[in-house]
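S.K.: Quick one, coords.pdb (PDB, C-alpha atoms, pLDDT in the B column):
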```pdb
ATOM      1  CA  MET O   1       0.000   0.000   0.000  1.00 69.00           C
ATOM      2  CA  GLU O   2       1.338   3.426  -0.911  1.00 79.00           C
ATOM      3  CA  PHE O   3       0.273   6.621   0.813  1.00 84.00           C
ATOM      4  CA  TYR O   4       1.218  10.185  -0.001  1.00 90.00           C
ATOM      5  CA  ILE O   5       0.971  13.284   2.138  1.00 91.00           C
ATOM      6  CA  GLN O   6       0.273  16.546   0.355  1.00 91.00           C
ATOM      7  CA  GLU O   7       1.077  19.611   2.441  1.00 91.00           C
ATOM      8  CA  LEU O   8      -1.386  22.426   1.780  1.00 93.00           C
ATOM      9  CA  PRO O   9      -0.560  26.178   1.774  1.00 95.00           C
ATOM     10  CA  ASP O  10      -2.472  26.707   5.035  1.00 96.00           C
ATOM     11  CA  GLY O  11      -0.319  24.137   6.885  1.00 94.00           C
ATOM     12  CA  GLN O  12      -2.835  21.290   6.724  1.00 95.00           C
ATOM     13  CA  ALA O  13      -1.798  17.962   5.221  1.00 94.00           C
ATOM     14  CA  THR O  14      -3.898  15.540   3.191  1.00 93.00           C
ATOM     15  CA  LEU O  15      -3.271  11.796   3.278  1.00 92.00           C
ATOM     16  CA  MET O  16      -3.978  10.233  -0.102  1.00 91.00           C
ATOM     17  CA  THR O  17      -3.476   7.029  -2.068  1.00 87.00           C
ATOM     18  CA  ARG O  18      -1.165   6.599  -5.035  1.00 85.00           C
ATOM     19  CA  ASP O  19      -4.245   6.845  -7.281  1.00 90.00           C
ATOM     20  CA  GLY O  20      -5.107  10.278  -5.881  1.00 88.00           C
ATOM     21  CA  LEU O  21      -7.944   9.230  -3.567  1.00 93.00           C
ATOM     22  CA  TYR O  22      -8.066  11.628  -0.616  1.00 93.00           C
ATOM     23  CA  LEU O  23      -8.356   9.697   2.644  1.00 92.00           C
ATOM     24  CA  PHE O  24      -8.215  12.392   5.324  1.00 94.00           C
ATOM     25  CA  THR O  25      -6.992  15.936   5.892  1.00 95.00           C
ATOM     26  CA  PHE O  26      -5.010  16.562   9.071  1.00 96.00           C
ATOM     27  CA  ARG O  27      -4.425  19.869  10.808  1.00 96.00           C
ATOM     28  CA  ASN O  28      -0.654  19.639  10.200  1.00 95.00           C
ATOM     29  CA  LEU O  29       2.068  17.603   8.515  1.00 92.00           C
ATOM     30  CA  GLU O  30       3.219  15.940  11.730  1.00 92.00           C
ATOM     31  CA  SER O  31      -0.277  14.539  12.385  1.00 93.00           C
ATOM     32  CA  ALA O  32      -0.385  13.037   8.893  1.00 92.00           C
ATOM     33  CA  ARG O  33       3.079  11.508   9.328  1.00 90.00           C
ATOM     34  CA  GLN O  34       1.994  10.053  12.667  1.00 90.00           C
ATOM     35  CA  ALA O  35      -1.067   8.477  11.012  1.00 90.00           C
ATOM     36  CA  CYS O  36       1.216   6.764   8.483  1.00 86.00           C
ATOM     37  CA  THR O  37       3.565   5.573  11.212  1.00 84.00           C
ATOM     38  CA  ASP O  38       0.648   4.232  13.247  1.00 87.00           C
ATOM     39  CA  TRP O  39      -0.812   2.445  10.214  1.00 83.00           C
ATOM     40  CA  TYR O  40       2.501   0.719   9.527  1.00 80.00           C
ATOM     41  CA  ARG O  41       2.908  -0.248  13.195  1.00 84.00           C
ATOM     42  CA  ILE O  42      -0.603  -1.736  13.329  1.00 88.00           C
ATOM     43  CA  HIS O  43      -0.002  -3.680  10.118  1.00 78.00           C
ATOM     44  CA  GLY O  44       3.402  -5.024  11.234  1.00 74.00           C
ATOM     45  CA  HIS O  45       5.746  -2.678   9.376  1.00 61.00           C
ATOM     46  CA  VAL O  46       8.531  -0.737  11.081  1.00 54.00           C
ATOM     47  CA  ASN O  47       9.809   2.525   9.575  1.00 49.00           C
ATOM     48  CA  SER O  48      12.257   5.034  10.973  1.00 41.00           C
ATOM     49  CA  VAL O  49      12.338   7.762   8.307  1.00 40.00           C
ATOM     50  CA  SER O  50       9.545  10.289   8.836  1.00 45.00           C
ATOM     51  CA  SER O  51       9.672  12.260   5.573  1.00 47.00           C
ATOM     52  CA  CYS O  52       9.551   9.252   3.256  1.00 52.00           C
ATOM     53  CA  LEU O  53       8.401   6.051   4.913  1.00 47.00           C
ATOM     54  CA  SER O  54       8.760   2.851   2.946  1.00 43.00           C
ATOM     55  CA  ASP O  55       8.983  -0.860   3.593  1.00 40.00           C
ATOM     56  CA  GLY O  56       8.547  -3.244   0.688  1.00 42.00           C
ATOM     57  CA  ASN O  57       5.070  -2.648  -0.714  1.00 42.00           C
ATOM     58  CA  VAL O  58       4.071   0.180   1.676  1.00 46.00           C
ATOM     59  CA  SER O  59       5.268   3.758   1.610  1.00 59.00           C
ATOM     60  CA  CYS O  60       4.290   7.220   2.733  1.00 71.00           C
ATOM     61  CA  SER O  61       5.897  10.120   0.899  1.00 73.00           C
ATOM     62  CA  VAL O  62       5.499  13.821   1.498  1.00 66.00           C
ATOM     63  CA  ILE O  63       4.788  15.659  -1.757  1.00 59.00           C
TER
END
```
I'd like the structure from this file rewritten - as structure tokens, please.
M.R.:
Amino acid sequence: MEFYIQELPDGQATLMTRDGLYLFTFRNLESARQACTDWYRIHGHVNSVSSCLSDGNVSCSVI
């Protein structure tokens, strides 16, 4: 699963799929990154890089 985080001009951040489906808009970039980290932890993936998380077939990139 690939996720992307799009930072908006007002400081909010939108979590979206690779296909462009918007999943949720967070109040800031850190909250969106934390959601990705939590998702990976729940699904058994461990990632240590916060700006571009990836592990095999899952990733979360800030665009």
S.K.: To one decimal place in Å, what is the distance between atom CA of O:Cys60 and atom CA of O:Arg33?
M.R.: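 Atom CA of O:Arg33 lies at a distance of 8.0 Å from atom CA of O:Cys60.
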S.K.: Evaluate the PyMOL selection byres ((chain O and resi 8) around 10) on the structure here and hand back the selected residues as a PyMOL selection string.
M.R.: chain O and resi 5-7+9-14+25+27-29+63
S.K.: Can you measure atom CA of O:Asp19 to atom CA of O:Glu2 for me? One decimal in Å is fine.
M.R.: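 One can read the atom CA of O:Asp19 to atom CA of O:Glu2 distance as 9.1 Å.
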S.K.: Go ahead and compute the interatomic distance for atom CA of O:His43 and atom CA of O:Phe24, in Å to one decimal.
M.R.: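 Between atom CA of O:His43 and atom CA of O:Phe24 the gap is 18.7 Å.
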S.K.: Taking the file as shown, find all residues satisfying the PyMOL selection byres ((chain O and resi 4) around 6) and write them as a list of chain:residue names.
M.R.: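 Evaluating the PyMOL selection byres ((chain O and resi 4) around 6) on these coordinates yields O:Phe3, O:Ile5, O:Leu15, O:Met16, O:Cys60, O:Ser61, O:Val62.
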S.K.: May I ask you to restore N, CA and C atoms in stretch 20-32 of chain O and write the result as a PDB file, keeping the file's coordinate frame?
M.R.:
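And here is the file that came out, rebuild_38.pdb:
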```
ATOM      1  N   GLY O  20      -4.554   8.940  -6.068  1.00 88.00           N
ATOM      2  CA  GLY O  20      -5.107  10.278  -5.881  1.00 88.00           C
ATOM      3  C   GLY O  20      -6.376  10.347  -5.055  1.00 88.00           C
ATOM      4  N   LEU O  21      -6.763   9.242  -4.420  1.00 93.00           N
ATOM      5  CA  LEU O  21      -7.944   9.230  -3.567  1.00 93.00           C
ATOM      6  C   LEU O  21      -7.593   9.869  -2.227  1.00 93.00           C
ATOM      7  N   TYR O  22      -8.307  10.933  -1.875  1.00 93.00           N
ATOM      8  CA  TYR O  22      -8.066  11.628  -0.616  1.00 93.00           C
ATOM      9  C   TYR O  22      -8.688  10.839   0.515  1.00 93.00           C
ATOM     10  N   LEU O  23      -7.878  10.500   1.526  1.00 92.00           N
ATOM     11  CA  LEU O  23      -8.356   9.697   2.644  1.00 92.00           C
ATOM     12  C   LEU O  23      -8.761  10.555   3.835  1.00 92.00           C
ATOM     13  N   PHE O  24      -7.940  11.552   4.168  1.00 94.00           N
ATOM     14  CA  PHE O  24      -8.215  12.392   5.324  1.00 94.00           C
ATOM     15  C   PHE O  24      -7.313  13.615   5.276  1.00 94.00           C
ATOM     16  N   THR O  25      -7.808  14.733   5.777  1.00 95.00           N
ATOM     17  CA  THR O  25      -6.992  15.936   5.892  1.00 95.00           C
ATOM     18  C   THR O  25      -6.730  16.197   7.370  1.00 95.00           C
ATOM     19  N   PHE O  26      -5.450  16.341   7.702  1.00 96.00           N
ATOM     20  CA  PHE O  26      -5.010  16.562   9.071  1.00 96.00           C
ATOM     21  C   PHE O  26      -4.698  18.037   9.279  1.00 96.00           C
ATOM     22  N   ARG O  27      -4.667  18.446  10.529  1.00 96.00           N
ATOM     23  CA  ARG O  27      -4.425  19.869  10.808  1.00 96.00           C
ATOM     24  C   ARG O  27      -2.988  20.291  10.543  1.00 96.00           C
ATOM     25  N   ASN O  28      -2.041  19.301  10.508  1.00 95.00           N
ATOM     26  CA  ASN O  28      -0.654  19.639  10.200  1.00 95.00           C
ATOM     27  C   ASN O  28       0.080  18.412   9.648  1.00 95.00           C
ATOM     28  N   LEU O  29       1.266  18.651   9.141  1.00 92.00           N
ATOM     29  CA  LEU O  29       2.068  17.603   8.515  1.00 92.00           C
ATOM     30  C   LEU O  29       2.447  16.523   9.517  1.00 92.00           C
ATOM     31  N   GLU O  30       2.810  16.910  10.714  1.00 92.00           N
ATOM     32  CA  GLU O  30       3.219  15.940  11.730  1.00 92.00           C
ATOM     33  C   GLU O  30       2.094  14.957  12.060  1.00 92.00           C
ATOM     34  N   SER O  31       0.861  15.430  12.120  1.00 93.00           N
ATOM     35  CA  SER O  31      -0.277  14.539  12.385  1.00 93.00           C
ATOM     36  C   SER O  31      -0.454  13.523  11.261  1.00 93.00           C
ATOM     37  N   ALA O  32      -0.268  13.948  10.036  1.00 92.00           N
ATOM     38  CA  ALA O  32      -0.385  13.037   8.893  1.00 92.00           C
ATOM     39  C   ALA O  32       0.738  12.005   8.912  1.00 92.00           C
TER      40      ALA O  32
END
```
